[in-house]
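Shown here: target-v6.cif, mmCIF, C-alpha atoms and all ligand atoms.
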data_target
#
loop_
_atom_site.group_PDB
_atom_site.id
_atom_site.type_symbol
_atom_site.label_atom_id
_atom_site.label_comp_id
_atom_site.auth_asym_id
_atom_site.auth_seq_id
_atom_site.Cartn_x
_atom_site.Cartn_y
_atom_site.Cartn_z
ATOM 1 C CA MET A 1 114.577 93.607 104.964
ATOM 2 C CA GLU A 2 113.893 97.316 105.358
ATOM 3 C CA LEU A 3 113.536 99.685 102.447
ATOM 4 C CA PRO A 4 116.311 102.232 102.032
ATOM 5 C CA GLN A 5 114.591 105.117 103.796
ATOM 6 C CA PHE A 6 114.064 108.163 101.605
ATOM 7 C CA ASN A 7 115.683 111.071 103.475
ATOM 8 C CA PRO A 8 114.957 114.656 102.381
ATOM 9 C CA THR A 9 118.144 116.630 101.829
ATOM 10 C CA PRO A 10 119.077 117.754 105.366
ATOM 11 C CA GLY A 11 118.907 121.508 105.813
ATOM 12 C CA ASN A 12 117.371 121.977 102.390
ATOM 13 C CA ASP A 13 114.798 124.579 103.403
ATOM 14 C CA SER A 14 113.755 125.111 99.839
ATOM 15 C CA ALA A 15 112.191 121.619 99.748
ATOM 16 C CA SER A 16 108.443 122.141 99.827
ATOM 17 C CA ALA A 17 106.303 120.928 102.701
ATOM 18 C CA ALA A 18 104.637 118.641 100.189
ATOM 19 C CA ASP A 19 108.021 117.066 99.363
ATOM 20 C CA HIS A 20 108.663 116.388 103.043
ATOM 21 C CA GLN A 21 105.163 114.978 103.432
ATOM 22 C CA LEU A 22 105.777 112.727 100.430
ATOM 23 C CA ASN A 23 109.089 111.563 101.882
ATOM 24 C CA ASP A 24 107.507 110.971 105.259
ATOM 25 C CA SER A 25 104.784 108.843 103.687
ATOM 26 C CA VAL A 26 107.293 106.579 101.916
ATOM 27 C CA ALA A 27 109.469 106.390 105.048
ATOM 28 C CA ARG A 28 106.498 104.972 106.974
ATOM 29 C CA ILE A 29 106.247 102.031 104.573
ATOM 30 C CA ARG A 30 108.413 98.925 104.937
ATOM 31 C CA VAL A 31 108.766 95.633 103.137
ATOM 32 C CA LEU A 32 109.938 92.471 104.858
ATOM 33 C CA VAL A 33 110.171 88.797 104.016
ATOM 34 C CA GLY A 34 108.592 86.441 106.511
ATOM 35 C CA ASP A 35 105.566 84.667 107.901
ATOM 36 C CA ILE A 36 102.908 87.161 108.968
ATOM 37 C CA THR A 37 101.915 84.861 111.854
ATOM 38 C CA SER A 38 105.367 84.895 113.424
ATOM 39 C CA LEU A 39 106.725 88.417 113.153
ATOM 40 C CA ASP A 40 109.279 89.835 115.559
ATOM 41 C CA PRO A 41 107.277 91.334 118.483
ATOM 42 C CA SER A 42 109.838 94.170 118.645
ATOM 43 C CA LEU A 43 108.319 95.488 115.401
ATOM 44 C CA GLY A 44 105.343 96.587 117.483
ATOM 45 C CA ILE A 45 102.790 95.292 114.971
ATOM 46 C CA ASP A 46 99.350 95.583 116.560
ATOM 47 C CA ALA A 47 97.181 94.478 113.635
ATOM 48 C CA ILE A 48 97.618 92.098 110.728
ATOM 49 C CA VAL A 49 95.594 91.729 107.539
ATOM 50 C CA ASN A 50 94.293 88.371 106.359
ATOM 51 C CA ALA A 51 93.749 87.504 102.680
ATOM 52 C CA ALA A 52 90.520 85.641 103.332
ATOM 53 C CA ASN A 53 87.682 84.173 101.279
ATOM 54 C CA GLU A 54 84.074 85.303 101.470
ATOM 55 C CA SER A 55 83.169 82.717 104.120
ATOM 56 C CA LEU A 56 85.776 84.107 106.584
ATOM 57 C CA LEU A 57 86.021 80.531 107.908
ATOM 58 C CA GLY A 58 89.604 79.904 106.835
ATOM 59 C CA GLY A 59 91.263 78.168 103.923
ATOM 60 C CA GLY A 60 94.774 77.711 102.620
ATOM 61 C CA GLY A 61 97.658 80.126 102.191
ATOM 62 C CA VAL A 62 97.946 83.018 104.592
ATOM 63 C CA ASP A 63 94.295 82.542 105.610
ATOM 64 C CA GLY A 64 95.062 79.031 106.806
ATOM 65 C CA ALA A 65 98.206 80.161 108.599
ATOM 66 C CA ILE A 66 96.382 82.944 110.437
ATOM 67 C CA HIS A 67 93.517 80.673 111.465
ATOM 68 C CA ARG A 68 95.987 78.072 112.739
ATOM 69 C CA ALA A 69 97.893 80.682 114.736
ATOM 70 C CA ALA A 70 94.771 82.401 116.082
ATOM 71 C CA GLY A 71 93.107 79.110 116.981
ATOM 72 C CA LEU A 72 89.589 77.711 116.751
ATOM 73 C CA GLU A 73 88.137 80.692 118.620
ATOM 74 C CA LEU A 74 88.686 82.756 115.478
ATOM 75 C CA ARG A 75 86.620 80.396 113.331
ATOM 76 C CA LYS A 76 83.900 80.271 115.975
ATOM 77 C CA HIS A 77 83.842 84.077 116.126
ATOM 78 C CA ASN A 78 83.768 84.395 112.333
ATOM 79 C CA GLN A 79 80.789 82.049 112.134
ATOM 80 C CA THR A 80 78.817 84.911 113.681
ATOM 81 C CA LEU A 81 79.882 87.471 111.042
ATOM 82 C CA GLY A 82 77.892 86.316 108.032
ATOM 83 C CA GLY A 83 80.860 86.307 105.667
ATOM 84 C CA CYS A 84 82.390 89.239 103.778
ATOM 85 C CA PRO A 85 81.918 90.250 100.108
ATOM 86 C CA THR A 86 84.963 90.601 97.847
ATOM 87 C CA GLY A 87 86.571 94.010 98.165
ATOM 88 C CA LEU A 88 85.360 94.591 101.723
ATOM 89 C CA ALA A 89 86.911 93.843 105.111
ATOM 90 C CA LYS A 90 85.889 92.891 108.652
ATOM 91 C CA GLY A 91 87.903 93.197 111.864
ATOM 92 C CA THR A 92 88.135 90.565 114.569
ATOM 93 C CA PRO A 93 90.140 90.051 117.755
ATOM 94 C CA ALA A 94 93.477 88.303 117.265
ATOM 95 C CA PHE A 95 92.762 85.494 119.789
ATOM 96 C CA GLY A 96 95.834 83.202 119.849
ATOM 97 C CA LEU A 97 97.975 85.880 118.140
ATOM 98 C CA GLU A 98 97.541 88.275 121.079
ATOM 99 C CA LYS A 99 100.559 86.720 122.794
ATOM 100 C CA GLN A 100 102.638 88.294 119.993
ATOM 101 C CA GLY A 101 101.175 91.727 120.789
ATOM 102 C CA ILE A 102 98.720 91.612 117.870
ATOM 103 C CA GLN A 103 95.315 92.998 118.869
ATOM 104 C CA HIS A 104 93.302 92.803 115.651
ATOM 105 C CA ILE A 105 93.012 90.818 112.445
ATOM 106 C CA PHE A 106 91.495 92.652 109.483
ATOM 107 C CA HIS A 107 90.085 90.039 107.114
ATOM 108 C CA THR A 108 89.670 91.231 103.558
ATOM 109 C CA VAL A 109 88.618 89.310 100.463
ATOM 110 C CA GLY A 110 90.634 90.059 97.378
ATOM 111 C CA PRO A 111 89.514 89.554 93.770
ATOM 112 C CA ILE A 112 90.307 86.512 91.705
ATOM 113 C CA TRP A 113 92.293 87.064 88.510
ATOM 114 C CA PRO A 114 91.610 87.142 85.562
ATOM 115 C CA PRO A 115 89.176 89.995 86.026
ATOM 116 C CA GLU A 116 85.541 89.313 85.337
ATOM 117 C CA ASP A 117 85.573 91.859 82.550
ATOM 118 C CA GLN A 118 87.559 89.502 80.378
ATOM 119 C CA SER A 119 85.389 87.625 77.916
ATOM 120 C CA GLU A 120 84.236 84.129 78.694
ATOM 121 C CA GLN A 121 86.325 82.867 75.773
ATOM 122 C CA GLU A 122 89.442 84.606 77.095
ATOM 123 C CA GLN A 123 88.887 83.162 80.556
ATOM 124 C CA ALA A 124 88.091 79.710 79.169
ATOM 125 C CA ALA A 125 91.375 79.879 77.298
ATOM 126 C CA MET A 126 93.224 80.281 80.606
ATOM 127 C CA VAL A 127 95.122 77.128 81.341
ATOM 128 C CA PRO A 128 96.328 76.606 84.914
ATOM 129 C CA GLY A 129 99.736 78.185 85.292
ATOM 130 C CA ALA A 130 99.420 79.977 81.959
ATOM 131 C CA PRO A 131 100.943 83.462 81.882
ATOM 132 C CA ILE A 132 98.300 85.943 82.909
ATOM 133 C CA ASP A 133 97.747 88.833 80.542
ATOM 134 C CA ASP A 134 97.962 91.902 82.710
ATOM 135 C CA SER A 135 98.567 94.353 79.910
ATOM 136 C CA ALA A 136 95.456 96.321 80.811
ATOM 137 C CA LYS A 137 96.226 99.827 82.066
ATOM 138 C CA LEU A 138 96.749 99.812 85.854
ATOM 139 C CA GLY A 139 93.545 100.625 87.660
ATOM 140 C CA TYR A 140 91.360 99.928 84.652
ATOM 141 C CA THR A 141 90.074 96.457 85.364
ATOM 142 C CA TYR A 142 87.298 95.503 87.732
ATOM 143 C CA ALA A 143 89.771 93.333 89.650
ATOM 144 C CA ASP A 144 92.095 96.328 90.137
ATOM 145 C CA THR A 145 89.304 98.350 91.723
ATOM 146 C CA LEU A 146 88.308 95.473 93.995
ATOM 147 C CA LEU A 147 91.903 95.005 95.167
ATOM 148 C CA ALA A 148 92.231 98.756 95.758
ATOM 149 C CA SER A 149 89.029 98.589 97.799
ATOM 150 C CA CYS A 150 90.553 95.861 100.008
ATOM 151 C CA TYR A 151 93.448 98.152 100.905
ATOM 152 C CA MET A 152 91.249 101.172 101.531
ATOM 153 C CA GLN A 153 88.935 99.076 103.703
ATOM 154 C CA VAL A 154 91.748 97.788 105.933
ATOM 155 C CA PHE A 155 93.193 101.312 106.251
ATOM 156 C CA ALA A 156 89.758 102.510 107.403
ATOM 157 C CA LEU A 157 89.696 99.712 110.009
ATOM 158 C CA ALA A 158 93.212 100.724 111.117
ATOM 159 C CA VAL A 159 92.028 104.301 111.675
ATOM 160 C CA GLN A 160 88.886 103.085 113.467
ATOM 161 C CA HIS A 161 91.002 100.951 115.843
ATOM 162 C CA ASN A 162 93.834 103.512 116.204
ATOM 163 C CA ILE A 163 96.428 101.039 114.922
ATOM 164 C CA GLU A 164 100.081 102.025 115.291
ATOM 165 C CA HIS A 165 101.695 99.452 112.961
ATOM 166 C CA LEU A 166 99.775 97.424 110.365
ATOM 167 C CA ALA A 167 101.191 94.319 108.627
ATOM 168 C CA ILE A 168 99.710 93.302 105.268
ATOM 169 C CA PRO A 169 100.367 90.242 103.077
ATOM 170 C CA ALA A 170 100.241 90.352 99.267
ATOM 171 C CA ILE A 171 96.482 90.060 98.960
ATOM 172 C CA SER A 172 95.120 88.010 96.024
ATOM 173 C CA THR A 173 98.550 87.055 94.649
ATOM 174 C CA GLY A 174 98.483 83.382 95.651
ATOM 175 C CA VAL A 175 95.467 81.166 95.072
ATOM 176 C CA TYR A 176 93.635 84.088 93.503
ATOM 177 C CA ARG A 177 96.407 84.520 90.905
ATOM 178 C CA PHE A 178 96.477 88.316 90.764
ATOM 179 C CA PRO A 179 99.690 89.322 88.924
ATOM 180 C CA LYS A 180 102.253 90.112 91.621
ATOM 181 C CA PRO A 181 103.894 93.207 90.098
ATOM 182 C CA ARG A 182 100.478 94.719 89.399
ATOM 183 C CA ALA A 183 99.247 93.913 92.914
ATOM 184 C CA ALA A 184 102.385 95.423 94.478
ATOM 185 C CA ARG A 185 101.773 98.722 92.659
ATOM 186 C CA ILE A 186 98.143 98.814 93.766
ATOM 187 C CA ALA A 187 99.158 97.982 97.357
ATOM 188 C CA PHE A 188 101.927 100.577 97.525
ATOM 189 C CA GLY A 189 99.977 103.243 95.650
ATOM 190 C CA HIS A 190 97.049 103.095 98.062
ATOM 191 C CA ALA A 191 99.223 102.784 101.173
ATOM 192 C CA HIS A 192 101.209 105.825 100.052
ATOM 193 C CA GLY A 193 98.024 107.755 99.319
ATOM 194 C CA HIS A 194 96.526 106.891 102.704
ATOM 195 C CA LEU A 195 99.662 107.863 104.641
ATOM 196 C CA LEU A 196 99.807 111.207 102.822
ATOM 197 C CA ARG A 197 96.444 112.037 104.361
ATOM 198 C CA ALA A 198 96.503 110.195 107.699
ATOM 199 C CA GLU A 199 98.672 109.800 110.797
ATOM 200 C CA ILE A 200 97.136 106.381 111.526
ATOM 201 C CA PRO A 201 98.560 103.844 111.127
ATOM 202 C CA ASN A 202 101.948 105.276 111.882
ATOM 203 C CA LYS A 203 103.632 102.453 109.947
ATOM 204 C CA ILE A 204 102.623 99.918 107.294
ATOM 205 C CA THR A 205 104.707 96.807 106.673
ATOM 206 C CA PHE A 206 104.149 94.655 103.617
ATOM 207 C CA VAL A 207 105.003 91.074 104.611
ATOM 208 C CA CYS A 208 106.126 88.991 101.640
ATOM 209 C CA PHE A 209 106.500 85.233 101.687
ATOM 210 C CA SER A 210 109.583 85.244 99.468
ATOM 211 C CA GLU A 211 112.448 87.483 98.397
ATOM 212 C CA GLN A 212 111.011 87.485 94.875
ATOM 213 C CA ASP A 213 107.670 88.750 96.140
ATOM 214 C CA ALA A 214 109.450 91.481 98.126
ATOM 215 C CA ALA A 215 111.334 92.470 94.977
ATOM 216 C CA TYR A 216 108.013 93.341 93.303
ATOM 217 C CA TYR A 217 107.281 95.796 96.130
ATOM 218 C CA HIS A 218 110.768 97.289 96.012
ATOM 219 C CA ASP A 219 110.409 97.740 92.270
ATOM 220 C CA ALA A 220 106.983 99.342 92.664
ATOM 221 C CA ILE A 221 108.384 101.769 95.252
ATOM 222 C CA ASN A 222 111.619 102.535 93.432
ATOM 223 C CA THR A 223 109.843 103.218 90.109
ATOM 224 C CA ARG A 224 106.912 105.091 91.674
ATOM 225 C CA GLY A 225 107.902 108.325 89.900
ATOM 226 C CA GLN A 226 107.075 106.683 86.589
ATOM 227 C CA TRP A 227 103.947 104.626 86.927
ATOM 228 C CA MET A 228 102.215 106.670 89.699
ATOM 229 C CA VAL A 229 102.494 109.887 87.700
ATOM 230 C CA SER A 230 101.834 108.571 84.213
ATOM 231 C CA ARG A 231 99.431 105.811 85.273
ATOM 232 C CA GLY A 232 100.512 104.303 82.015
ATOM 233 C CA ARG A 233 100.591 100.684 80.964
ATOM 234 C CA ILE A 234 102.611 98.535 83.343
HETATM 235 N N1 LIG B 301 102.722 84.941 105.711
HETATM 236 C C1 LIG B 301 102.793 85.903 104.750
HETATM 237 N N2 LIG B 301 102.403 85.712 103.468
HETATM 238 C C2 LIG B 301 101.918 84.483 103.153
HETATM 239 C C3 LIG B 301 101.806 83.429 104.097
HETATM 240 C C4 LIG B 301 102.235 83.706 105.416
HETATM 241 N N3 LIG B 301 102.169 82.766 106.388
HETATM 242 N N4 LIG B 301 101.269 82.336 103.454
HETATM 243 C C5 LIG B 301 101.074 82.689 102.172
HETATM 244 N N5 LIG B 301 101.468 83.985 101.978
HETATM 245 C C6 LIG B 301 101.425 84.779 100.754
HETATM 246 C C7 LIG B 301 101.352 84.022 99.452
HETATM 247 O O1 LIG B 301 102.644 83.617 99.046
HETATM 248 C C8 LIG B 301 100.799 85.109 98.551
HETATM 249 O O2 LIG B 301 101.847 85.959 98.109
HETATM 250 O O3 LIG B 301 100.216 85.517 100.796
HETATM 251 C C9 LIG B 301 99.885 85.917 99.467
HETATM 252 C C10 LIG B 301 98.407 85.664 99.238
HETATM 253 O O4 LIG B 301 98.225 84.298 98.861
HETATM 254 P P1 LIG B 301 96.989 83.420 99.436
HETATM 255 O O5 LIG B 301 97.193 83.168 100.848
HETATM 256 O O6 LIG B 301 96.836 82.260 98.512
HETATM 257 O O7 LIG B 301 95.736 84.401 99.296
HETATM 258 P P2 LIG B 301 94.929 84.876 98.000
HETATM 259 O O8 LIG B 301 95.722 84.764 96.754
HETATM 260 O O9 LIG B 301 94.350 86.192 98.387
HETATM 261 O O10 LIG B 301 93.775 83.792 97.885
HETATM 262 C C11 LIG B 301 92.814 83.748 98.910
HETATM 263 O O11 LIG B 301 93.195 81.423 99.212
HETATM 264 O O12 LIG B 301 93.987 80.612 101.161
HETATM 265 C C12 LIG B 301 92.850 80.775 100.432
HETATM 266 O O13 LIG B 301 91.074 80.982 102.036
HETATM 267 C C13 LIG B 301 91.879 81.691 101.120
HETATM 268 O O14 LIG B 301 90.178 81.282 99.531
HETATM 269 C C14 LIG B 301 91.132 82.228 99.955
HETATM 270 C C15 LIG B 301 92.199 82.379 98.886
#

The structure given in the file should be rewritten as structure tokens.
Amino acid sequence: MELPQFNPTPGNDSASAADHQLNDSVARIRVLVGDITSLDPSLGIDAIVNAANESLLGGGGVDGAIHRAAGLELRKHNQTLGGCPTGLAKGTPAFGLEKQGIQHIFHTVGPIWPPEDQSEQEQAAMVPGAPIDDSAKLGYTYADTLLASCYMQVFALAVQHNIEHLAIPAISTGVYRFPKPRAARIAFGHAHGHLLRAEIPNKITFVCFSEQDAAYYHDAINTRGQWMVSRGRI
């Protein structure tokens, strides 16, 4: 599913260059529903992001899917990397995914929610599946800054490797329980900010595993004029 592309009013010369740049940045961002390990090769995706754990040796969720698709060579290669701290990222070859045109996998380790800056009592009170209190102002928890760092790290790897089209899953929103609407705003906000400043990657596609997950990204994008400006409570 592609986002409705934001088109500047044709022939409207009064629109500022900044407006066009803004529009261009949003137009280079897409959201689709699918499995990041079996994307349509015609999309021209040349790097995918993995939501890994600090060992980089695989696990469940998208990490497990990527390791299965890339094959054992990926695990063997990652055994030489010495792991990766939360909030950082490391690039590897795509191994078994190269047949789909993917050249690189950028493994990044997202934060676990609730954020560490919640009190022990608050965290102890968390029961599995309980609603997660994400009333804190966006960007003002330690977990928010770690998740933002993941995105900035993979964008830096994309620039380093001259990536044309980068596909990214919803980092930290599965096993790590980061609230999905909050994560979508952090993901979009930093992708938008990067594309305002950089030509590489030319395109970023957020790959969601369900329509509901994609809806969080669409909402984040369609309401960007509110929360990105005010940075108010979400
Ligand atoms: N393609 C795209 N998205 C996927 C896929 C897939 N094949 N599989 C899962 N997802 C989605 C999940 O639905 C979720 O929205 O990726 C998002 C991230 O969920 P997880 O994979 O659970 O990753 P995360 O929450 O970051 O937790 C990382 O889980 O799998 C382990 O080894 C991993 O310990 C690490 C932890």

Please evaluate the PyMOL selection byres (((chain A and resi 208-219) around 6) and not hetatm) against the displayed coordinates and give the resulting residues as an MDAnalysis selection string. chainID A and resid 33:34 181 184 207 220:223

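On the file presented, the PyMOL selection byres (((not hetatm)) within 6 of (chain B and resi 301)) picks out A:Asp35, A:Ile36, A:Thr37, A:Ala51, A:Ala52, A:Asn53, A:Gly58, A:Gly59, A:Gly60, A:Gly61, A:Val62, A:Asp63, A:Gly64, A:Ala65, A:Gly110, A:Pro169, A:Ala170, A:Ile171, A:Ser172, A:Thr173, A:Gly174, A:Val175, A:Tyr176, A:Arg177, A:Val207, A:Cys208, A:Phe209.
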
Kindly export the residues of the current selection with C-alpha atoms, as a PDB file, in the frame of the given file.
ATOM      1  CA  ASP A  35     105.566  84.667 107.901  1.00  0.00           C
ATOM      2  CA  ILE A  36     102.908  87.161 108.968  1.00  0.00           C
ATOM      3  CA  THR A  37     101.915  84.861 111.854  1.00  0.00           C
ATOM      4  CA  ALA A  51      93.749  87.504 102.680  1.00  0.00           C
ATOM      5  CA  ALA A  52      90.520  85.641 103.332  1.00  0.00           C
ATOM      6  CA  ASN A  53      87.682  84.173 101.279  1.00  0.00           C
ATOM      7  CA  GLY A  58      89.604  79.904 106.835  1.00  0.00           C
ATOM      8  CA  GLY A  59      91.263  78.168 103.923  1.00  0.00           C
ATOM      9  CA  GLY A  60      94.774  77.711 102.620  1.00  0.00           C
ATOM     10  CA  GLY A  61      97.658  80.126 102.191  1.00  0.00           C
ATOM     11  CA  VAL A  62      97.946  83.018 104.592  1.00  0.00           C
ATOM     12  CA  ASP A  63      94.295  82.542 105.610  1.00  0.00           C
ATOM     13  CA  GLY A  64      95.062  79.031 106.806  1.00  0.00           C
ATOM     14  CA  ALA A  65      98.206  80.161 108.599  1.00  0.00           C
ATOM     15  CA  GLY A 110      90.634  90.059  97.378  1.00  0.00           C
ATOM     16  CA  PRO A 169     100.367  90.242 103.077  1.00  0.00           C
ATOM     17  CA  ALA A 170     100.241  90.352  99.267  1.00  0.00           C
ATOM     18  CA  ILE A 171      96.482  90.060  98.960  1.00  0.00           C
ATOM     19  CA  SER A 172      95.120  88.010  96.024  1.00  0.00           C
ATOM     20  CA  THR A 173      98.550  87.055  94.649  1.00  0.00           C
ATOM     21  CA  GLY A 174      98.483  83.382  95.651  1.00  0.00           C
ATOM     22  CA  VAL A 175      95.467  81.166  95.072  1.00  0.00           C
ATOM     23  CA  TYR A 176      93.635  84.088  93.503  1.00  0.00           C
ATOM     24  CA  ARG A 177      96.407  84.520  90.905  1.00  0.00           C
ATOM     25  CA  VAL A 207     105.003  91.074 104.611  1.00  0.00           C
ATOM     26  CA  CYS A 208     106.126  88.991 101.640  1.00  0.00           C
ATOM     27  CA  PHE A 209     106.500  85.233 101.687  1.00  0.00           C
TER      28      PHE A 209
END

Selection result for the PyMOL selection byres (((chain A and resi 79-84) around 8) and not hetatm) on this file, as a list in words: Asn53, Glu54, Ser55, Leu56, Leu57, Arg75, Lys76, His77, Asn78, Pro85, Thr86, Leu88, Ala89, Lys90, Thr108 and Val109 of chain A

Which residue out of A:Ile168, A:Ile163, A:Ala156, A:Leu43 has the minimum interatomic distance to Phe188 (chain A) when only C-alpha atoms are used? A:Ile168

Given the point (97.6, 108.8, 110.1) in the coordinates of this file, which residues lie within 10 Å, counting only C-alpha atoms, and how would they look as a list of chain:residue names? A:Ser25, A:Phe155, A:Ala158, A:Val159, A:Asn162, A:Ile163, A:Glu164, A:His194, A:Leu195, A:Leu196, A:Arg197, A:Ala198, A:Glu199, A:Ile200, A:Pro201, A:Asn202, A:Lys203

I need the residue nearest Arg182 (chain A) from this list: A:Leu138, A:Ile66, A:Ala94, A:Ile112. Use all atoms listed in the file for the distance.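 Ranking A:Leu138, A:Ile66, A:Ala94, A:Ile112 by distance to Arg182 (chain A), first place goes to A:Leu138.
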
Between CA of Pro179 (chain A) and CA of Asp134 (chain A) - distance in Å to one decimal: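 Going from CA of Asp134 (chain A) over to CA of Pro179 (chain A), I get 6.9 Å.
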
What would region 150-165 of chain A look like with N, CA and C atoms in place, written as a PDB file, keeping the file's coordinate frame?
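Wrote it out as result.pdb, contents follow:
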ATOM      1  N   CYS A 150      90.061  96.641  98.843  1.00  0.00           N
ATOM      2  CA  CYS A 150      90.553  95.861 100.008  1.00  0.00           C
ATOM      3  C   CYS A 150      91.509  96.702 100.840  1.00  0.00           C
ATOM      4  N   TYR A 151      92.454  97.366 100.160  1.00  0.00           N
ATOM      5  CA  TYR A 151      93.448  98.152 100.905  1.00  0.00           C
ATOM      6  C   TYR A 151      92.781  99.339 101.599  1.00  0.00           C
ATOM      7  N   MET A 152      91.885 100.007 100.907  1.00  0.00           N
ATOM      8  CA  MET A 152      91.249 101.172 101.531  1.00  0.00           C
ATOM      9  C   MET A 152      90.376 100.748 102.713  1.00  0.00           C
ATOM     10  N   GLN A 153      89.767  99.574 102.603  1.00  0.00           N
ATOM     11  CA  GLN A 153      88.935  99.076 103.703  1.00  0.00           C
ATOM     12  C   GLN A 153      89.782  98.768 104.937  1.00  0.00           C
ATOM     13  N   VAL A 154      90.940  98.143 104.745  1.00  0.00           N
ATOM     14  CA  VAL A 154      91.748  97.788 105.933  1.00  0.00           C
ATOM     15  C   VAL A 154      92.390  99.051 106.519  1.00  0.00           C
ATOM     16  N   PHE A 155      92.666 100.060 105.679  1.00  0.00           N
ATOM     17  CA  PHE A 155      93.193 101.312 106.251  1.00  0.00           C
ATOM     18  C   PHE A 155      92.107 101.995 107.090  1.00  0.00           C
ATOM     19  N   ALA A 156      90.863 101.911 106.628  1.00  0.00           N
ATOM     20  CA  ALA A 156      89.758 102.510 107.403  1.00  0.00           C
ATOM     21  C   ALA A 156      89.608 101.789 108.749  1.00  0.00           C
ATOM     22  N   LEU A 157      89.768 100.468 108.740  1.00  0.00           N
ATOM     23  CA  LEU A 157      89.696  99.712 110.009  1.00  0.00           C
ATOM     24  C   LEU A 157      90.874 100.097 110.918  1.00  0.00           C
ATOM     25  N   ALA A 158      92.041 100.327 110.316  1.00  0.00           N
ATOM     26  CA  ALA A 158      93.212 100.724 111.117  1.00  0.00           C
ATOM     27  C   ALA A 158      92.965 102.061 111.804  1.00  0.00           C
ATOM     28  N   VAL A 159      92.351 102.987 111.076  1.00  0.00           N
ATOM     29  CA  VAL A 159      92.028 104.301 111.675  1.00  0.00           C
ATOM     30  C   VAL A 159      90.987 104.112 112.781  1.00  0.00           C
ATOM     31  N   GLN A 160      89.971 103.326 112.494  1.00  0.00           N
ATOM     32  CA  GLN A 160      88.886 103.085 113.467  1.00  0.00           C
ATOM     33  C   GLN A 160      89.433 102.503 114.769  1.00  0.00           C
ATOM     34  N   HIS A 161      90.449 101.640 114.657  1.00  0.00           N
ATOM     35  CA  HIS A 161      91.002 100.951 115.843  1.00  0.00           C
ATOM     36  C   HIS A 161      92.305 101.598 116.327  1.00  0.00           C
ATOM     37  N   ASN A 162      92.643 102.769 115.763  1.00  0.00           N
ATOM     38  CA  ASN A 162      93.834 103.512 116.204  1.00  0.00           C
ATOM     39  C   ASN A 162      95.099 102.647 116.188  1.00  0.00           C
ATOM     40  N   ILE A 163      95.298 101.964 115.057  1.00  0.00           N
ATOM     41  CA  ILE A 163      96.428 101.039 114.922  1.00  0.00           C
ATOM     42  C   ILE A 163      97.733 101.808 114.713  1.00  0.00           C
ATOM     43  N   GLU A 164      98.752 101.387 115.394  1.00  0.00           N
ATOM     44  CA  GLU A 164     100.081 102.025 115.291  1.00  0.00           C
ATOM     45  C   GLU A 164     100.849 101.455 114.106  1.00  0.00           C
ATOM     46  N   HIS A 165     100.861 100.100 113.981  1.00  0.00           N
ATOM     47  CA  HIS A 165     101.695  99.452 112.961  1.00  0.00           C
ATOM     48  C   HIS A 165     100.909  98.286 112.347  1.00  0.00           C
TER      49      HIS A 165
END
